[in-house]
$ cat work.pdb   # PDB, C-alpha atoms
ATOM      1  CA  MET A 879    -100.539 162.976 145.981
ATOM      2  CA  LYS A 880    -101.945 165.171 148.701
ATOM      3  CA  LEU A 881    -103.548 168.601 148.532
ATOM      4  CA  ILE A 882    -100.452 170.029 150.196
ATOM      5  CA  THR A 883     -98.515 169.065 147.066
ATOM      6  CA  HIS A 884    -101.201 170.444 144.765
ATOM      7  CA  ASN A 885    -100.931 173.702 146.698
ATOM      8  CA  ILE A 886     -97.316 174.307 145.652
ATOM      9  CA  LEU A 887     -97.464 173.260 141.984
ATOM     10  CA  MET A 888     -98.045 175.465 138.972
ATOM     11  CA  CYS A 889     -97.974 175.006 135.207
ATOM     12  CA  ASN A 890     -94.538 175.617 133.745
ATOM     13  CA  LYS A 891     -95.185 175.138 130.038
ATOM     14  CA  LYS A 892     -93.335 177.439 127.647
ATOM     15  CA  GLY A 893     -95.139 180.780 127.462
ATOM     16  CA  CYS A 894     -97.585 179.957 130.273
ATOM     17  CA  THR A 895     -96.732 182.529 132.911
ATOM     18  CA  THR A 896    -100.016 184.000 134.138
ATOM     19  CA  ASN A 897    -103.129 182.426 135.633
ATOM     20  CA  ASN A 898    -101.179 179.142 135.843
ATOM     21  CA  PHE A 899    -102.100 178.454 139.490
ATOM     22  CA  PRO A 900    -103.918 176.733 141.082
ATOM     23  CA  LEU A 901    -104.230 173.823 138.697
ATOM     24  CA  LYS A 902    -107.772 172.486 138.359
ATOM     25  CA  LEU A 903    -107.807 169.204 140.231
ATOM     26  CA  VAL A 904    -109.817 166.195 139.108
ATOM     27  CA  ALA A 905    -109.628 163.341 141.620
ATOM     28  CA  THR A 906    -110.963 160.126 140.088
ATOM     29  CA  ASN A 907    -109.689 157.874 142.831
ATOM     30  CA  TRP A 908    -108.569 158.722 146.332
ATOM     31  CA  LYS A 909    -108.063 157.077 149.712
ATOM     32  CA  ASP A 910    -107.224 157.973 153.273
ATOM     33  CA  LEU A 911    -103.979 156.745 154.760
ATOM     34  CA  ASP A 912    -104.411 154.532 157.793
ATOM     35  CA  THR A 913    -103.017 155.834 161.053
ATOM     36  CA  GLU A 914     -99.863 153.706 160.746
ATOM     37  CA  ASN A 915     -98.635 155.471 157.651
ATOM     38  CA  ALA A 916    -100.055 158.941 157.974
ATOM     39  CA  GLN A 917     -98.169 161.456 160.038
ATOM     40  CA  GLN A 918     -99.927 161.805 163.359
ATOM     41  CA  TYR A 919    -102.369 164.587 164.099
ATOM     42  CA  ASN A 920    -100.075 167.458 164.932
ATOM     43  CA  PRO A 921    -101.687 170.840 165.642
ATOM     44  CA  ALA A 922     -98.319 172.644 165.650
ATOM     45  CA  LEU A 923     -97.490 171.424 162.143
ATOM     46  CA  LEU A 924    -100.952 172.307 160.848
ATOM     47  CA  GLN A 925    -100.697 175.784 162.329
ATOM     48  CA  ARG A 926     -97.360 176.324 160.640
ATOM     49  CA  LEU A 927     -98.808 175.074 157.372
ATOM     50  CA  CYS A 928    -101.601 177.612 157.711
ATOM     51  CA  GLU A 929     -98.949 180.334 157.681
ATOM     52  CA  LYS A 930     -97.434 179.066 154.455
ATOM     53  CA  ILE A 931    -100.309 177.658 152.462
ATOM     54  CA  GLU A 932    -102.104 179.450 149.601
ATOM     55  CA  TRP A 933    -105.415 179.476 151.416
ATOM     56  CA  ASN A 934    -107.616 180.577 148.517
ATOM     57  CA  ALA A 935    -106.181 177.911 146.251
ATOM     58  CA  LEU A 936    -106.860 175.240 148.863
ATOM     59  CA  ARG A 937    -110.362 176.493 149.627
ATOM     60  CA  GLN A 938    -111.375 176.723 145.958
ATOM     61  CA  THR A 939    -109.956 173.299 145.183
ATOM     62  CA  VAL A 940    -111.685 171.630 148.130
ATOM     63  CA  SER A 941    -115.011 173.217 147.125
ATOM     64  CA  THR A 942    -114.809 171.490 143.715
ATOM     65  CA  LEU A 943    -114.038 168.038 145.120
ATOM     66  CA  ASN A 944    -117.335 167.052 146.785
ATOM     67  CA  TRP A 945    -115.573 165.657 149.794
ATOM     68  CA  GLY A 946    -118.125 167.064 152.201
ATOM     69  CA  VAL A 947    -115.664 169.508 153.719
ATOM     70  CA  ASN A 948    -116.211 173.239 153.461
ATOM     71  CA  LEU A 949    -113.420 175.596 154.330
ATOM     72  CA  PRO A 950    -114.088 179.149 155.533
ATOM     73  CA  GLU A 951    -113.235 182.107 153.295
ATOM     74  CA  GLN A 952    -110.531 183.394 155.563
ATOM     75  CA  LEU A 953    -108.140 182.097 158.131
ATOM     76  CA  SER A 954    -108.158 183.752 161.512
ATOM     77  CA  ALA A 955    -106.206 183.497 164.730
ATOM     78  CA  GLU A 956    -109.225 181.908 166.483
ATOM     79  CA  LEU A 957    -109.733 179.423 163.690
ATOM     80  CA  VAL A 958    -106.236 177.979 163.835
ATOM     81  CA  GLN A 959    -106.848 177.171 167.516
ATOM     82  CA  ASP A 960    -110.103 175.385 166.739
ATOM     83  CA  GLU A 961    -109.879 171.622 167.214
ATOM     84  CA  ALA A 962    -112.600 170.707 164.704
ATOM     85  CA  PHE A 963    -111.058 172.932 162.054
ATOM     86  CA  LEU A 964    -107.586 171.479 162.599
ATOM     87  CA  GLN A 965    -109.020 167.956 162.373
ATOM     88  CA  ASP A 966    -110.538 168.873 159.002
ATOM     89  CA  LEU A 967    -107.176 170.176 157.851
ATOM     90  CA  HIS A 968    -105.461 167.032 159.112
ATOM     91  CA  LEU A 969    -107.801 164.960 156.949
ATOM     92  CA  LEU A 970    -107.357 167.211 153.920
ATOM     93  CA  LEU A 971    -103.619 167.804 154.062
ATOM     94  CA  VAL A 972    -102.160 164.799 155.826
ATOM     95  CA  LYS A 973    -104.409 161.754 155.466
ATOM     96  CA  ARG A 974    -106.117 162.035 152.108
ATOM     97  CA  GLN A 975    -104.216 160.779 149.062
ATOM     98  CA  ILE A 976    -105.274 161.302 145.479
ATOM     99  CA  VAL A 977    -104.342 158.068 143.757
ATOM    100  CA  GLU A 978    -105.557 158.710 140.209
ATOM    101  CA  GLY A 979    -106.549 161.975 138.604
ATOM    102  CA  GLN A 980    -105.469 164.996 136.652
ATOM    103  CA  MET A 981    -104.399 168.570 137.157
ATOM    104  CA  VAL A 982    -105.330 170.983 134.391
ATOM    105  CA  CYS A 983    -103.776 174.413 133.876
ATOM    106  CA  PRO A 984    -106.503 177.095 134.027
ATOM    107  CA  ASN A 985    -104.585 179.132 131.448
ATOM    108  CA  CYS A 986    -103.162 176.841 128.729
ATOM    109  CA  GLU A 987    -105.169 173.700 129.641
ATOM    110  CA  ARG A 988    -102.074 171.510 129.793
ATOM    111  CA  VAL A 989    -103.049 168.276 131.565
ATOM    112  CA  TYR A 990    -100.765 166.815 134.229
ATOM    113  CA  GLU A 991    -101.605 163.194 135.061
ATOM    114  CA  ILE A 992    -101.627 161.710 138.551
ATOM    115  CA  LYS A 993    -101.006 157.958 138.519
ATOM    116  CA  ASN A 994    -100.420 155.640 141.479
ATOM    117  CA  GLY A 995    -100.395 158.733 143.660
ATOM    118  CA  ILE A 996     -97.568 160.403 141.726
ATOM    119  CA  PRO A 997     -98.109 163.655 139.811
ATOM    120  CA  ASN A 998     -96.163 163.879 136.568
ATOM    121  CA  MET A 999     -95.075 167.474 135.994
ATOM    122  CA  LEU A1000     -92.503 166.721 133.284
ATOM    123  CA  LEU A1001     -92.889 168.613 130.030
ATOM    124  CA  ARG A1002     -92.112 167.365 126.547
ATOM    125  CA  GLU A1003     -89.095 168.889 124.827
ATOM    126  CA  ASP A1004     -91.240 171.140 122.627
ATOM    127  CA  GLU A1005     -93.033 172.489 125.727
ATOM    128  CA  VAL A1006     -89.925 173.679 127.547
TER     129      VAL A1006
ATOM    130  CA  MET B 865     -77.083 161.109 159.012
ATOM    131  CA  HIS B 866     -75.155 161.881 162.180
ATOM    132  CA  SER B 867     -77.132 163.032 165.180
ATOM    133  CA  ASN B 868     -75.290 166.375 165.107
ATOM    134  CA  GLN B 869     -76.976 167.088 161.821
ATOM    135  CA  THR B 870     -80.427 166.273 163.129
ATOM    136  CA  GLN B 871     -79.808 168.743 165.927
ATOM    137  CA  ILE B 872     -78.739 171.384 163.462
ATOM    138  CA  ILE B 873     -81.898 170.836 161.459
ATOM    139  CA  GLN B 874     -84.055 171.151 164.570
ATOM    140  CA  GLN B 875     -82.295 174.275 165.765
ATOM    141  CA  ARG B 876     -83.115 175.796 162.447
ATOM    142  CA  GLN B 877     -86.784 175.039 163.079
ATOM    143  CA  SER B 878     -87.367 173.243 159.860
ATOM    144  CA  SER B 879     -90.909 172.837 158.786
ATOM    145  CA  LEU B 880     -90.314 171.659 155.288
ATOM    146  CA  CYS B 881     -87.850 169.134 153.981
ATOM    147  CA  ILE B 882     -86.895 168.347 150.463
ATOM    148  CA  LEU B 883     -84.967 165.515 149.057
ATOM    149  CA  GLN B 884     -83.945 166.368 145.568
ATOM    150  CA  ARG B 885     -82.611 163.364 143.785
ATOM    151  CA  LEU B 886     -82.616 164.021 140.129
ATOM    152  CA  VAL B 887     -82.539 160.494 138.980
ATOM    153  CA  ARG B 888     -80.963 158.041 141.263
ATOM    154  CA  VAL B 889     -83.143 155.084 141.348
ATOM    155  CA  GLY B 890     -82.890 154.849 144.765
ATOM    156  CA  SER B 891     -84.976 153.836 147.219
ATOM    157  CA  GLY B 892     -85.720 156.989 149.107
ATOM    158  CA  VAL B 893     -83.520 155.630 151.872
ATOM    159  CA  VAL B 894     -82.061 159.024 152.696
ATOM    160  CA  ILE B 895     -85.294 160.934 153.078
ATOM    161  CA  ASN B 896     -86.992 158.118 154.976
ATOM    162  CA  SER B 897     -84.025 157.779 157.324
ATOM    163  CA  LEU B 898     -84.033 161.486 158.014
ATOM    164  CA  GLN B 899     -87.717 161.351 158.854
ATOM    165  CA  LYS B 900     -87.220 158.409 161.212
ATOM    166  CA  LEU B 901     -84.221 160.000 162.917
ATOM    167  CA  LEU B 902     -86.048 163.236 163.496
ATOM    168  CA  ALA B 903     -89.147 161.394 164.676
ATOM    169  CA  GLN B 904     -87.067 159.499 167.232
ATOM    170  CA  GLN B 905     -86.181 162.873 168.653
ATOM    171  CA  SER B 906     -89.864 163.801 168.684
ATOM    172  CA  PHE B 907     -89.471 166.236 165.828
ATOM    173  CA  ASN B 908     -92.455 165.837 163.544
ATOM    174  CA  ASP B 909     -93.061 169.345 162.294
ATOM    175  CA  ALA B 910     -92.021 168.786 158.723
ATOM    176  CA  ILE B 911     -93.353 167.874 155.329
ATOM    177  CA  TYR B 912     -91.021 165.783 153.193
ATOM    178  CA  PHE B 913     -90.945 166.077 149.426
ATOM    179  CA  GLY B 914     -89.068 163.670 147.166
ATOM    180  CA  ILE B 915     -88.371 164.858 143.648
ATOM    181  CA  ASP B 916     -87.081 162.926 140.685
ATOM    182  CA  ILE B 917     -87.484 162.812 136.917
ATOM    183  CA  ASN B 918     -87.563 159.024 137.017
ATOM    184  CA  ILE B 919     -90.889 157.433 137.899
ATOM    185  CA  LYS B 920     -89.248 154.199 139.064
ATOM    186  CA  ALA B 921     -87.271 156.082 141.703
ATOM    187  CA  LEU B 922     -90.466 157.673 142.979
ATOM    188  CA  ASP B 923     -92.372 154.389 143.048
ATOM    189  CA  VAL B 924     -89.657 152.792 145.127
ATOM    190  CA  THR B 925     -89.441 155.818 147.401
ATOM    191  CA  LEU B 926     -93.153 155.479 148.164
ATOM    192  CA  ARG B 927     -92.813 151.771 148.887
ATOM    193  CA  THR B 928     -89.835 152.392 151.162
ATOM    194  CA  ALA B 929     -91.875 154.987 152.998
ATOM    195  CA  ILE B 930     -94.780 152.610 153.578
ATOM    196  CA  GLN B 931     -92.530 149.852 154.873
ATOM    197  CA  ASN B 932     -90.921 152.267 157.303
ATOM    198  CA  ASN B 933     -94.103 153.999 158.438
ATOM    199  CA  CYS B 934     -92.881 157.210 156.881
ATOM    200  CA  ASP B 935     -94.722 159.741 154.776
ATOM    201  CA  VAL B 936     -93.019 161.290 151.741
ATOM    202  CA  GLN B 937     -94.700 163.462 149.112
ATOM    203  CA  VAL B 938     -93.245 162.554 145.730
ATOM    204  CA  ILE B 939     -93.343 164.691 142.605
ATOM    205  CA  GLN B 940     -92.087 163.782 139.162
ATOM    206  CA  GLN B 941     -90.483 166.996 138.032
ATOM    207  CA  SER B 942     -87.208 168.522 136.974
ATOM    208  CA  PHE B 943     -85.491 170.399 139.804
ATOM    209  CA  CYS B 944     -88.087 172.688 141.338
ATOM    210  CA  HIS B 945     -89.476 173.874 138.028
ATOM    211  CA  ASN B 946     -93.122 173.607 138.973
ATOM    212  CA  PHE B 947     -92.914 175.076 142.439
ATOM    213  CA  THR B 948     -94.860 178.279 142.925
ATOM    214  CA  ASN B 949     -93.257 181.508 144.095
ATOM    215  CA  LEU B 950     -94.662 180.791 147.497
ATOM    216  CA  MET B 951     -92.080 178.055 147.909
ATOM    217  CA  LYS B 952     -89.228 180.474 147.400
ATOM    218  CA  GLY B 953     -87.350 180.826 150.653
ATOM    219  CA  SER B 954     -89.501 178.110 152.248
ATOM    220  CA  VAL B 955     -87.337 175.014 151.971
ATOM    221  CA  ASP B 956     -85.437 174.328 155.146
ATOM    222  CA  VAL B 957     -83.476 171.277 154.072
ATOM    223  CA  PHE B 958     -82.253 170.258 150.664
ATOM    224  CA  ILE B 959     -80.483 166.969 150.154
ATOM    225  CA  PHE B 960     -79.053 166.439 146.722
ATOM    226  CA  ASN B 961     -76.917 163.684 145.315
ATOM    227  CA  PRO B 962     -76.520 164.958 141.788
ATOM    228  CA  PRO B 963     -75.469 162.887 138.826
ATOM    229  CA  TYR B 964     -71.781 163.580 139.416
ATOM    230  CA  VAL B 965     -69.831 161.182 137.188
ATOM    231  CA  VAL B 966     -67.626 162.825 134.572
ATOM    232  CA  THR B 967     -69.050 161.819 131.176
ATOM    233  CA  PRO B 968     -69.013 163.115 127.581
ATOM    234  CA  GLU B 969     -71.602 165.821 126.935
ATOM    235  CA  ASP B 970     -73.657 163.695 124.539
ATOM    236  CA  GLU B 971     -73.998 160.970 127.177
ATOM    237  CA  LEU B 972     -75.426 163.555 129.560
ATOM    238  CA  MET B 973     -77.874 164.813 126.924
ATOM    239  CA  LYS B 974     -79.124 161.337 126.075
ATOM    240  CA  ALA B 975     -79.447 160.410 129.734
ATOM    241  CA  GLN B 976     -81.548 163.483 130.537
ATOM    242  CA  GLN B 977     -83.838 162.828 127.589
ATOM    243  CA  LYS B 978     -84.320 159.152 128.435
ATOM    244  CA  ARG B 979     -84.961 159.963 132.105
ATOM    245  CA  ASP B 980     -83.777 156.525 133.042
ATOM    246  CA  ILE B 981     -81.030 155.096 135.218
ATOM    247  CA  GLU B 982     -78.216 156.692 133.152
ATOM    248  CA  ALA B 983     -79.426 160.093 134.272
ATOM    249  CA  SER B 984     -78.553 159.125 137.831
ATOM    250  CA  TRP B 985     -74.834 159.311 137.123
ATOM    251  CA  ALA B 986     -74.130 161.180 133.882
ATOM    252  CA  GLY B 987     -72.808 164.593 134.920
ATOM    253  CA  GLY B 988     -71.071 165.821 131.743
ATOM    254  CA  LYS B 989     -67.881 167.911 131.897
ATOM    255  CA  ASP B 990     -66.310 167.735 135.375
ATOM    256  CA  GLY B 991     -69.459 165.897 136.422
ATOM    257  CA  ILE B 992     -71.077 169.177 137.428
ATOM    258  CA  GLN B 993     -73.328 170.172 134.530
ATOM    259  CA  VAL B 994     -76.596 169.158 136.177
ATOM    260  CA  LEU B 995     -75.507 170.613 139.496
ATOM    261  CA  MET B 996     -74.569 173.938 137.864
ATOM    262  CA  ALA B 997     -78.130 174.315 136.652
ATOM    263  CA  PHE B 998     -79.513 173.453 140.087
ATOM    264  CA  ILE B 999     -77.436 175.854 142.212
ATOM    265  CA  PRO B1000     -79.398 179.062 141.471
ATOM    266  CA  LYS B1001     -82.683 177.186 142.059
ATOM    267  CA  ALA B1002     -81.478 175.775 145.354
ATOM    268  CA  TYR B1003     -80.443 179.242 146.471
ATOM    269  CA  GLU B1004     -83.812 180.678 145.504
ATOM    270  CA  PHE B1005     -85.909 178.059 147.299
ATOM    271  CA  LEU B1006     -83.756 177.561 150.391
ATOM    272  CA  SER B1007     -84.954 179.477 153.440
ATOM    273  CA  GLU B1008     -82.657 182.015 155.076
ATOM    274  CA  LYS B1009     -81.676 179.553 157.780
ATOM    275  CA  GLY B1010     -81.982 176.503 155.528
ATOM    276  CA  VAL B1011     -79.312 173.853 155.054
ATOM    277  CA  PHE B1012     -78.316 172.217 151.792
ATOM    278  CA  TYR B1013     -76.520 168.869 151.923
ATOM    279  CA  LEU B1014     -74.627 167.976 148.794
ATOM    280  CA  LEU B1015     -72.859 164.727 147.885
ATOM    281  CA  LEU B1016     -69.982 165.086 145.418
ATOM    282  CA  ILE B1017     -66.830 163.342 144.268
ATOM    283  CA  GLU B1018     -63.386 164.926 144.131
ATOM    284  CA  GLU B1019     -63.593 165.450 140.367
ATOM    285  CA  ASN B1020     -66.489 167.864 140.944
ATOM    286  CA  LEU B1021     -64.675 170.251 143.217
ATOM    287  CA  LYS B1022     -64.308 172.920 140.548
ATOM    288  CA  ILE B1023     -67.864 173.745 141.543
ATOM    289  CA  LEU B1024     -66.662 175.120 144.883
ATOM    290  CA  LYS B1025     -65.798 178.483 143.369
ATOM    291  CA  ARG B1026     -69.352 178.880 142.123
ATOM    292  CA  LEU B1027     -70.889 177.571 145.356
ATOM    293  CA  GLY B1028     -68.664 179.812 147.460
ATOM    294  CA  LYS B1029     -70.200 182.931 145.953
ATOM    295  CA  LEU B1030     -73.631 182.053 147.352
ATOM    296  CA  PHE B1031     -73.054 179.706 150.259
ATOM    297  CA  ASP B1032     -70.874 179.168 153.300
ATOM    298  CA  ILE B1033     -69.396 175.701 152.896
ATOM    299  CA  VAL B1034     -68.595 173.112 155.558
ATOM    300  CA  TYR B1035     -66.903 169.794 154.730
ATOM    301  CA  LEU B1036     -68.828 167.155 156.667
ATOM    302  CA  VAL B1037     -67.458 163.899 155.342
ATOM    303  CA  LYS B1038     -64.635 162.747 153.102
ATOM    304  CA  ARG B1039     -64.572 159.052 152.345
ATOM    305  CA  GLU B1040     -62.950 156.555 150.036
ATOM    306  CA  CYS B1041     -65.360 154.334 148.145
ATOM    307  CA  PRO B1042     -64.432 151.776 145.506
ATOM    308  CA  GLY B1043     -63.682 153.845 142.407
ATOM    309  CA  GLU B1044     -64.383 157.274 143.865
ATOM    310  CA  ARG B1045     -63.617 159.694 146.658
ATOM    311  CA  GLN B1046     -66.826 161.151 147.994
ATOM    312  CA  VAL B1047     -67.296 164.438 149.776
ATOM    313  CA  ILE B1048     -70.388 165.614 151.613
ATOM    314  CA  LEU B1049     -70.796 169.351 151.983
ATOM    315  CA  ARG B1050     -73.162 171.370 154.139
ATOM    316  CA  LEU B1051     -74.106 174.664 152.547
ATOM    317  CA  THR B1052     -75.865 177.594 154.162
ATOM    318  CA  LYS B1053     -76.765 180.913 152.590
ATOM    319  CA  LYS B1054     -74.126 183.591 152.966
ATOM    320  CA  GLN B1055     -75.390 186.249 155.326
ATOM    321  CA  LYS B1056     -75.687 189.551 153.519
TER     322      LYS B1056
END

$ encode --input "work.pdb" --output "structure tokens"
Amino acid sequence: MKLITHNILMCNKKGCTTNNFPLKLVATNWKDLDTENAQQYNPALLQRLCEKIEWNALRQTVSTLNWGVNLPEQLSAELVQDEAFLQDLHLLLVKRQIVEGQMVCPNCERVYEIKNGIPNMLLREDEV
Amino acid sequence: MHSNQTQIIQQRQSSLCILQRLVRVGSGVVINSLQKLLAQQSFNDAIYFGIDINIKALDVTLRTAIQNNCDVQVIQQSFCHNFTNLMKGSVDVFIFNPPYVVTPEDELMKAQQKRDIEASWAGGKDGIQVLMAFIPKAYEFLSEKGVFYLLLIEENLKILKRLGKLFDIVYLVKRECPGERQVILRLTKKQK
């Protein structure tokens, strides 16, 4: 699972409708895709993602992960033209895969497991 | 997918693709093929999501992606239930082969609970019960210029009345397969 996926997922448990995004991410095991399998560095795609992404959610999440990448508070028109910045984003959004971990709802504390790179968002019958 | 369709997708400036396959232990062949076709035409500005309730389908989809040098983001979820509001109106391509076989209602219920291979075909009355639930979601998440490809069989066509209220419908393919007559539709949002 990549951070781009984390950025679009919220808790959907019965009754949990506020403060249910972003999920707190715990990455116990992660790896970077090699160049063969990752999509190639593509500034145009990254710039379009910048328009759509929940920037604060991404920035907060990255700051908790100890990956040695710090994202600025705000996006700007100059920033999305900056090569070094786009390379950071390429690493964070395209190459890096969380293999094992958890996502925890900040509101109801429901835990969503990530196993073999696949997040499991399914709820039990009594949670729907 | 025919090259005409890849052109249509590009003209619509897709930046986000979704393959929604509820449970069809597939292989992810469709979404991986789409990615390769578009890449051949130097179109790489998309993120591909594969969604299923069956973990085996997702595992295989990932393996298919690796073998084909593709990159698919898989999520085990029901429909788009966990997508944030931000995703509304952001999906440029939906591809959905719903469980479309006409089955008794209880078979559909059991299949959905088990989340196994049965859920890939059991469609309940007229084979459209799962699809009925998905239509409003698809409409909500599809972008204004987005395209929604839907695989059905003739028995499902009662759904057209419902679809026609929200979408413009184009028949792309009609074909005879052993045991069923398949139809592929291309749906786009009705312009208000």

$ closest_residue --input "work.pdb" --among "B:Met996, B:Val893, B:Ile981, B:Val955" --to "B:Glu1008" --atoms "all atoms listed in the file"
B:Val955

$ atom_distance --input "work.pdb" --atom1 "atom CA of A:Pro950" --atom2 "atom CA of A:Arg937"
7.5 Å

$ atom_distance --input "work.pdb" --atom1 "atom CA of B:His945" --atom2 "atom CA of B:Lys1022"
25.3 Å

$ residues_around --input "work.pdb" --residues "A:Phe963" --least-positions-apart "4" --cutoff "12 Å" --atoms "only C-alpha atoms" --output "list in words"
Pro921, Leu924, Gln925, Cys928, Val947, Asn948, Leu949, Pro950, Leu953, Ser954, Ala955, Glu956, Leu957, Val958, Gln959, Leu967, His968, Leu969 and Leu970 of chain A

$ atom_distance --input "work.pdb" --atom1 "atom CA of B:Ile930" --atom2 "atom CA of B:Leu901"
15.9 Å

$ residues_near_point --input "work.pdb" --point "(-103.3, 179.7, 139.2)" --cutoff "9 Å" --atoms "all atoms listed in the file" --output "PyMOL selection string"
chain A and resi 888-889+896-902+935+983-985

$ closest_residue --input "work.pdb" --among "B:Phe913, B:Phe943, B:Trp985, B:Tyr964" --to "B:Ile999" --atoms "only C-alpha atoms"
B:Phe943

$ resolve_selection --input "work.pdb" --expression "the PyMOL selection byres ((chain B) within 7 of (chain A))" --output "list in words"
Asp909, Ala910, Ile930, Asn933, Cys934, Asp935, Gln937, Val938, Ile939, Gln940, Gln941, Ser942, His945, Asn946, Phe947, Thr948 and Met951 of chain B

$ residues_near_point --input "work.pdb" --point "(-85.8, 162.6, 128.2)" --cutoff "12 Å" --atoms "only C-alpha atoms" --output "tab-separated table (two decimals) with C-alpha atoms, keeping the file's coordinate frame"
chain	number	residue	atom	x	y	z
A	1000	LEU	CA	-92.50	166.72	133.28
A	1001	LEU	CA	-92.89	168.61	130.03
A	1002	ARG	CA	-92.11	167.36	126.55
A	1003	GLU	CA	-89.10	168.89	124.83
A	1004	ASP	CA	-91.24	171.14	122.63
A	1006	VAL	CA	-89.92	173.68	127.55
B	887	VAL	CA	-82.54	160.49	138.98
B	917	ILE	CA	-87.48	162.81	136.92
B	918	ASN	CA	-87.56	159.02	137.02
B	941	GLN	CA	-90.48	167.00	138.03
B	942	SER	CA	-87.21	168.52	136.97
B	971	GLU	CA	-74.00	160.97	127.18
B	972	LEU	CA	-75.43	163.56	129.56
B	973	MET	CA	-77.87	164.81	126.92
B	974	LYS	CA	-79.12	161.34	126.08
B	975	ALA	CA	-79.45	160.41	129.73
B	976	GLN	CA	-81.55	163.48	130.54
B	977	GLN	CA	-83.84	162.83	127.59
B	978	LYS	CA	-84.32	159.15	128.44
B	979	ARG	CA	-84.96	159.96	132.10
B	980	ASP	CA	-83.78	156.52	133.04
B	981	ILE	CA	-81.03	155.10	135.22
B	982	GLU	CA	-78.22	156.69	133.15
B	983	ALA	CA	-79.43	160.09	134.27

$ closest_residue --input "work.pdb" --among "A:Gln965, A:Asn934, A:Ser941, A:Asn907" --to "A:Lys993" --atoms "only C-alpha atoms"
A:Asn907

$ resolve_selection --input "work.pdb" --expression "the PyMOL selection byres ((chain B and resi 958) around 12)" --output "NGL selection string"
:B and (873 or 878 or 880-885 or 894-895 or 898 or 912-915 or 943-944 or 953-957 or 959-962 or 998-999 or 1001-1007 or 1009-1015 or 1049-1052)

$ residues_around --input "work.pdb" --residues "B:Pro968" --least-positions-apart "2" --cutoff "10 Å" --atoms "only C-alpha atoms" --output "PDB file with C-alpha atoms, in the frame of the given file"
ATOM      1  CA  VAL B 965     -69.831 161.182 137.188  1.00  0.00           C
ATOM      2  CA  VAL B 966     -67.626 162.825 134.572  1.00  0.00           C
ATOM      3  CA  ASP B 970     -73.657 163.695 124.539  1.00  0.00           C
ATOM      4  CA  GLU B 971     -73.998 160.970 127.177  1.00  0.00           C
ATOM      5  CA  LEU B 972     -75.426 163.555 129.560  1.00  0.00           C
ATOM      6  CA  MET B 973     -77.874 164.813 126.924  1.00  0.00           C
ATOM      7  CA  ALA B 986     -74.130 161.180 133.882  1.00  0.00           C
ATOM      8  CA  GLY B 987     -72.808 164.593 134.920  1.00  0.00           C
ATOM      9  CA  GLY B 988     -71.071 165.821 131.743  1.00  0.00           C
ATOM     10  CA  LYS B 989     -67.881 167.911 131.897  1.00  0.00           C
ATOM     11  CA  ASP B 990     -66.310 167.735 135.375  1.00  0.00           C
ATOM     12  CA  GLY B 991     -69.459 165.897 136.422  1.00  0.00           C
TER      13      GLY B 991
END

$ resolve_selection --input "work.pdb" --expression "the PyMOL selection byres ((chain B and resi 1054) around 9)" --output "number ranges by chain"
B: 1008, 1028-1032, 1051-1053, 1055-1056
